[in-house]
There are 2 protein chains.
Amino acid sequence: MVTIRDVARAAGVSVATVSRVYNGNLQVKEDTRKRVREIAAEMGYTPHGGARSLITRRTHAIGVLLPDLYGEFFSELIRGIDQAARARGYHVLVARAGHAGDDLLTAFRAMRGRVDGVIVMSPEFDQVSATRGLPEGFPVVLLNSPRTDVGSAHFGIANFEGAHAMVRHLIQIGHTRIAIIKGAERNHDAAERLRGYQAALVEAGIQLDGRLEIPGDFTEHGGYEAARAILALAPRPTAVFASNDGMALGALGGFRDAGLRVPGDIAIGGFDDIPMARYVDPPLTTVRVDISTLGARAAASLLEAANGNSSHAPHDETMPTTLVVRRSCGSSSS
Amino acid sequence: MVTIRDVARAAGVSVATVSRVYNGNLQVKEDTRKRVREIAAEMGYTPHGGARSLITRRTHAIGVLLPDLYGEFFSELIRGIDQAARARGYHVLVARAGHAGDDLLTAFRAMRGRVDGVIVMSPEFDQVSATRGLPEGFPVVLLNSPRTDVGSAHFGIANFEGAHAMVRHLIQIGHTRIAIIKGAERNHDAAERLRGYQAALVEAGIQLDGRLEIPGDFTEHGGYEAARAILALAPRPTAVFASNDGMALGALGGFRDAGLRVPGDIAIGGFDDIPMARYVDPPLTTVRVDISTLGARAAASLLEAANGNSSHAPHDETMPTTLVVRRSCGSSSS
DNA sequence: GGCAACAATGTAACCGTTTACAGAAAACGT
DNA sequence: ACGTTTTCTGTAAACGGTTACATTGTTGCC
């Protein structure tokens, strides 16, 4: 591996000069610069990023800690983050930071000295506490987590509003007995969506009924199971709000296997608007979230903080959601 | 930011001792070790990965260069890579290495000193050449690229065999006039799938017809456009093999918009078996590829090479594919 | 008690860069 | 010709760790 010293020796200059050439420092005579460039190219020299960042204290990379790497939600998120990062000349280090206790902390440690800041998504309440005891002043932005004093910024989704809009829509088209398939326990997004559901019902003067709040886990399989639980209810709900599209899809399968027609016999609404939502039969009414933009915004905010431009106070941004009406609920004209 | 020297001073030992404690070196007395650990924890010390890797020459990270970060193919790939990497204590650095000329080379340079090896996916023929002029001995595994002498290993998909099996299936259930929607130009996977299609036809004694080879670009929109081109053909093909599922979905929409029934009026087959394939109506007959395993295998191979265990000669592995028959082609019983 | 062997720790060189500071050479004004 | 400034280049000290080697303190053995 050829180092800056090898190049310097070959070009008959000092390492400082070579370094200056590579950093666009103007204080180098034109022909010296040219000679160094040529020799370096010839030798196949590439500056060692690690060494450089040791002294400059900038890695030009940001870390992303995610609970999971599965599915379109994350691919969209990473896409948005990468896009914003690369636009500013930054790289992206991705890692799974599991659900297990100190997993997050371990991942954090591993990133020390490798990244200029971290985007953390840890929807589980307790994990955020693990974020404490991290080097202070280290830029962190939190995604979809309950607001805390940790982190320089916080980005989230309008879970409450989205769920609220969805359920209000169901009520508007005539449903009064509406079940919800809840998201994972101790998950912040899930809790907010449940709140939105309840608020919409209360506003419409509909009595809350705990039996209509079916446990779920955000997986397709969980949705399928939930559908069976719903079928056992008497009287049967006429509509179901699944806390995410994955579960909505599972429930769709469950109902169909039981011989019910959607939306004829039972209406279903989801949340997220994953690309698949448009393709199922019937197409899924759901709540759209622009995930890649969420990621891009988070990355942009992180990089601002990392570059000291954190002029503005701790940032807290919530991405709006929009209701996307398709056929799985029956249109309002039905 | 607290360094190893701060800890050493506070604990009244030398930096060497602290370092030894953190590297599990046994040559440290039990109570010294304990004291150092306590003080370090109290001060919130975290070893600086960058500094460490400078001298150890191991970063415990691998880089992944992808042409795109969009869709389920990549999310699955990254998931597999991350899984294999983390199982061995490695991290993953993801970057888009665009289609533009020397983009790949730039990305490569940026990774120098940050990763122990790189997984490169560059289905475009010409890009691989850019891979030359990289530090020799640097572990690189190529994904879905034409075989070359570059890189320590090569992983791919059985594109030819998969396409061949798909088309043979179409022939078996009675089709003789079969169109193909081709993949992106100059793309290796696309070229192989086309070869598989042609071979299956030739084997069945069916005359090749260039007009049945519709251009495509692997996007859903491209599939939609291709469907319109196919409808203009006379006589109309009775079956279409789309070079990937995205285009198959687009074509499905195109045919439906034109009032055709699938598979009644025209059969469609795809390639990849993205999760969505199961959910569309009718469910898509396609060729399954285990993408996350592909990623995991590639990562495992890379890490072996990076750790000098490259006992075996340059590795070349092809992931098998399996035909998944669903309803979009009509079953063989039809 | 003296000496070898061993265990625990310290000293300092090194990894590949950047950059403050200093020195040399060239250009300038008088 | 000479001092002064300006431009270019070199020297060496960081950055935060690891590790070969040297040093010190113990123990075991005769």
# chains A, B, ... in the order shown; residues from 1 in each chain; ligands from 1

$ closest_atom_pairs --of "range 10-117 of chain B" --to "range 3-22 of chain D" --cutoff "12 Å" --atoms "only C-alpha atoms (C1' of nucleotides)" --output "JSON lines"
{"residue": "B:Val15", "atom": "CA", "partner": "D:DG17", "partner_atom": "C1'", "distance": 9.1}
{"residue": "B:Ala16", "atom": "CA", "partner": "D:DT18", "partner_atom": "C1'", "distance": 8.0}
{"residue": "B:Thr17", "atom": "CA", "partner": "D:DT18", "partner_atom": "C1'", "distance": 10.8}
{"residue": "B:Val18", "atom": "CA", "partner": "D:DG17", "partner_atom": "C1'", "distance": 10.5}
{"residue": "B:Ser19", "atom": "CA", "partner": "D:DT18", "partner_atom": "C1'", "distance": 7.4}
{"residue": "B:Arg20", "atom": "CA", "partner": "D:DT18", "partner_atom": "C1'", "distance": 8.9}
{"residue": "B:Tyr22", "atom": "CA", "partner": "D:DT18", "partner_atom": "C1'", "distance": 11.0}
{"residue": "B:Asn23", "atom": "CA", "partner": "D:DT18", "partner_atom": "C1'", "distance": 9.6}
{"residue": "B:Asn25", "atom": "CA", "partner": "D:DT19", "partner_atom": "C1'", "distance": 11.4}
{"residue": "B:Thr46", "atom": "CA", "partner": "D:DG16", "partner_atom": "C1'", "distance": 11.0}
{"residue": "B:Pro47", "atom": "CA", "partner": "D:DG17", "partner_atom": "C1'", "distance": 7.9}
{"residue": "B:His48", "atom": "CA", "partner": "D:DG16", "partner_atom": "C1'", "distance": 6.6}
{"residue": "B:Gly49", "atom": "CA", "partner": "D:DG17", "partner_atom": "C1'", "distance": 8.5}
{"residue": "B:Gly50", "atom": "CA", "partner": "D:DG16", "partner_atom": "C1'", "distance": 8.3}
{"residue": "B:Ala51", "atom": "CA", "partner": "D:DG16", "partner_atom": "C1'", "distance": 5.1}
{"residue": "B:Arg52", "atom": "CA", "partner": "D:DG17", "partner_atom": "C1'", "distance": 4.9}
{"residue": "B:Ser53", "atom": "CA", "partner": "D:DG17", "partner_atom": "C1'", "distance": 8.3}
{"residue": "B:Leu54", "atom": "CA", "partner": "D:DG17", "partner_atom": "C1'", "distance": 8.1}
{"residue": "B:Ile55", "atom": "CA", "partner": "D:DT18", "partner_atom": "C1'", "distance": 6.5}
{"residue": "B:Thr56", "atom": "CA", "partner": "D:DT18", "partner_atom": "C1'", "distance": 7.1}
{"residue": "B:Arg57", "atom": "CA", "partner": "D:DT18", "partner_atom": "C1'", "distance": 10.6}

$ atom_distance --atom1 "CA of Tyr197 in chain B" --atom2 "CA of Val167 in chain B"
5.9 Å

$ residues_around --residues "Ile214 in chain A" --least-positions-apart "2" --cutoff "8 Å" --atoms "only C-alpha atoms (C1' of nucleotides)" --output "list in words"
Ala179, Ile180, Ile181, Lys182, Arg211, Leu212, Gly216, Ala226, Ala229 and Ile230 of chain A

$ select_by_dssp --residues "range 58-228 of chain B" --states "strand (DSSP E or B)" --output "PyMOL selection string"
chain B and resi 61-66+91-96+118-121+124+140-143+153-157+178-181+187+213-214

$ closest_atom_pairs --of "range 256-322 of chain A" --to "range 191-195 of chain A" --cutoff "12 Å" --atoms "only C-alpha atoms" --output "Markdown table"
| residue | atom | partner | partner_atom | distance |
| --- | --- | --- | --- | --- |
| A:Gly270 | CA | A:Arg193 | CA | 10.9 |
| A:Phe271 | CA | A:Arg193 | CA | 9.2 |
| A:Asp272 | CA | A:Arg193 | CA | 11.5 |
| A:Val287 | CA | A:Arg193 | CA | 11.0 |

$ write_last_selection --atoms "N, CA and C atoms" --output "mmCIF file, in the first residue's frame"
data_model
loop_
_atom_site.group_PDB
_atom_site.id
_atom_site.type_symbol
_atom_site.label_atom_id
_atom_site.label_comp_id
_atom_site.auth_asym_id
_atom_site.auth_seq_id
_atom_site.Cartn_x
_atom_site.Cartn_y
_atom_site.Cartn_z
ATOM 1 N N GLY A 270 -55.140 0.697 6.385
ATOM 2 C CA GLY A 270 -53.787 0.449 6.879
ATOM 3 C C GLY A 270 -53.047 1.736 7.192
ATOM 4 N N PHE A 271 -51.729 1.633 7.261
ATOM 5 C CA PHE A 271 -50.901 2.794 7.576
ATOM 6 C C PHE A 271 -49.507 2.581 6.995
ATOM 7 N N ASP A 272 -49.010 3.544 6.286
ATOM 8 C CA ASP A 272 -47.644 3.582 5.723
ATOM 9 C C ASP A 272 -47.655 3.819 4.212
ATOM 10 N N VAL A 287 -52.666 5.282 4.995
ATOM 11 C CA VAL A 287 -52.160 6.611 5.331
ATOM 12 C C VAL A 287 -50.746 6.722 4.784
#

$ closest_residue --among "B:Ala165, B:Ala306, B:Val140, B:Leu77" --to "chain A" --atoms "only C-alpha atoms"
B:Leu77

$ closest_atom_pairs --of "chain C" --to "chain A" --cutoff "8 Å" --atoms "only C-alpha atoms (C1' of nucleotides)" --output "tab-separated table"
residue	atom	partner	partner_atom	distance
C:DG16	C1'	A:Ala51	CA	5.1
C:DT17	C1'	A:Arg52	CA	4.6
C:DT18	C1'	A:Ile55	CA	6.3

$ write_last_selection --atoms "C-alpha atoms (C1' of nucleotides)" --output "PDB file, in the first residue's frame"
ATOM      1  C1'  DG C  16      -0.747   7.726   7.613  1.00  0.00           C
ATOM      2  C1'  DT C  17      -2.230  11.895   7.646  1.00  0.00           C
ATOM      3  C1'  DT C  18      -2.612  17.426   8.645  1.00  0.00           C
TER       4       DT C  18
END

$ interface_residues --of "chain B" --to "chain A" --cutoff "8 Å" --atoms "only C-alpha atoms" --output "PyMOL selection string"
chain B and resi 1+44+46-51+53-54+69-72+74-76+78-79+82+91-96+109-114+133-135+276+279-281

$ select_by_dssp --residues "range 28-246 of chain A" --states "helix (DSSP H, G or I)" --output "PyMOL selection string"
chain A and resi 30-43+49-56+72-87+103-111+125-130+159-172+188-203+210-212+220-231+245-246

$ closest_residue --among "B:Gly24, B:Gly12, B:Gly222, B:Gly246" --to "Ile39 in chain B" --atoms "only C-alpha atoms"
B:Gly12

$ atom_distance --atom1 "CA of Gly196 in chain A" --atom2 "CA of His164 in chain A"
4.3 Å

$ residues_around --residues "Thr322 in chain B" --least-positions-apart "6" --cutoff "8 Å" --atoms "only C-alpha atoms (C1' of nucleotides)" --output "PyMOL selection string"
chain B and resi 162+287-289

$ atom_distance --atom1 "CA of Leu143 in chain B" --atom2 "CA of Ser243 in chain B"
18.0 Å

$ decode --residues "chain D" --atoms "C-alpha atoms (C1' of nucleotides)" --output "PDB file, in the first residue's frame"
ATOM      1  C1'  DA D   1      23.268  46.581  -2.441  1.00  0.00           C
ATOM      2  C1'  DC D   2      20.093  45.834   1.227  1.00  0.00           C
ATOM      3  C1'  DG D   3      16.061  45.103   4.162  1.00  0.00           C
ATOM      4  C1'  DT D   4      11.231  43.691   3.625  1.00  0.00           C
ATOM      5  C1'  DT D   5       7.612  41.215   2.026  1.00  0.00           C
ATOM      6  C1'  DT D   6       5.758  37.403  -0.388  1.00  0.00           C
ATOM      7  C1'  DT D   7       5.749  32.780  -2.015  1.00  0.00           C
ATOM      8  C1'  DC D   8       7.035  28.215  -1.638  1.00  0.00           C
ATOM      9  C1'  DT D   9       8.647  24.285   0.926  1.00  0.00           C
ATOM     10  C1'  DG D  10      10.363  21.552   4.919  1.00  0.00           C
ATOM     11  C1'  DT D  11      10.359  20.008   9.981  1.00  0.00           C
ATOM     12  C1'  DA D  12       8.109  18.084  13.483  1.00  0.00           C
ATOM     13  C1'  DA D  13       4.248  17.660  16.590  1.00  0.00           C
ATOM     14  C1'  DA D  14      -0.012  16.174  16.871  1.00  0.00           C
ATOM     15  C1'  DC D  15      -4.416  12.660  16.367  1.00  0.00           C
ATOM     16  C1'  DG D  16      -5.620   8.045  19.707  1.00  0.00           C
ATOM     17  C1'  DG D  17      -4.544   4.059  19.851  1.00  0.00           C
ATOM     18  C1'  DT D  18      -1.202  -0.879  19.782  1.00  0.00           C
ATOM     19  C1'  DT D  19       2.715  -3.519  20.805  1.00  0.00           C
ATOM     20  C1'  DA D  20       7.842  -4.889  20.834  1.00  0.00           C
ATOM     21  C1'  DC D  21      10.974  -4.334  24.128  1.00  0.00           C
ATOM     22  C1'  DA D  22      12.819  -2.885  28.514  1.00  0.00           C
ATOM     23  C1'  DT D  23      12.136  -2.634  33.360  1.00  0.00           C
ATOM     24  C1'  DT D  24      10.731  -3.827  37.805  1.00  0.00           C
ATOM     25  C1'  DG D  25       8.968  -6.885  41.439  1.00  0.00           C
ATOM     26  C1'  DT D  26       7.992 -11.723  42.883  1.00  0.00           C
ATOM     27  C1'  DT D  27       8.641 -16.228  43.459  1.00  0.00           C
ATOM     28  C1'  DG D  28      11.129 -20.727  43.511  1.00  0.00           C
ATOM     29  C1'  DC D  29      15.174 -23.190  43.948  1.00  0.00           C
ATOM     30  C1'  DC D  30      19.641 -24.436  45.371  1.00  0.00           C
TER      31       DC D  30
END
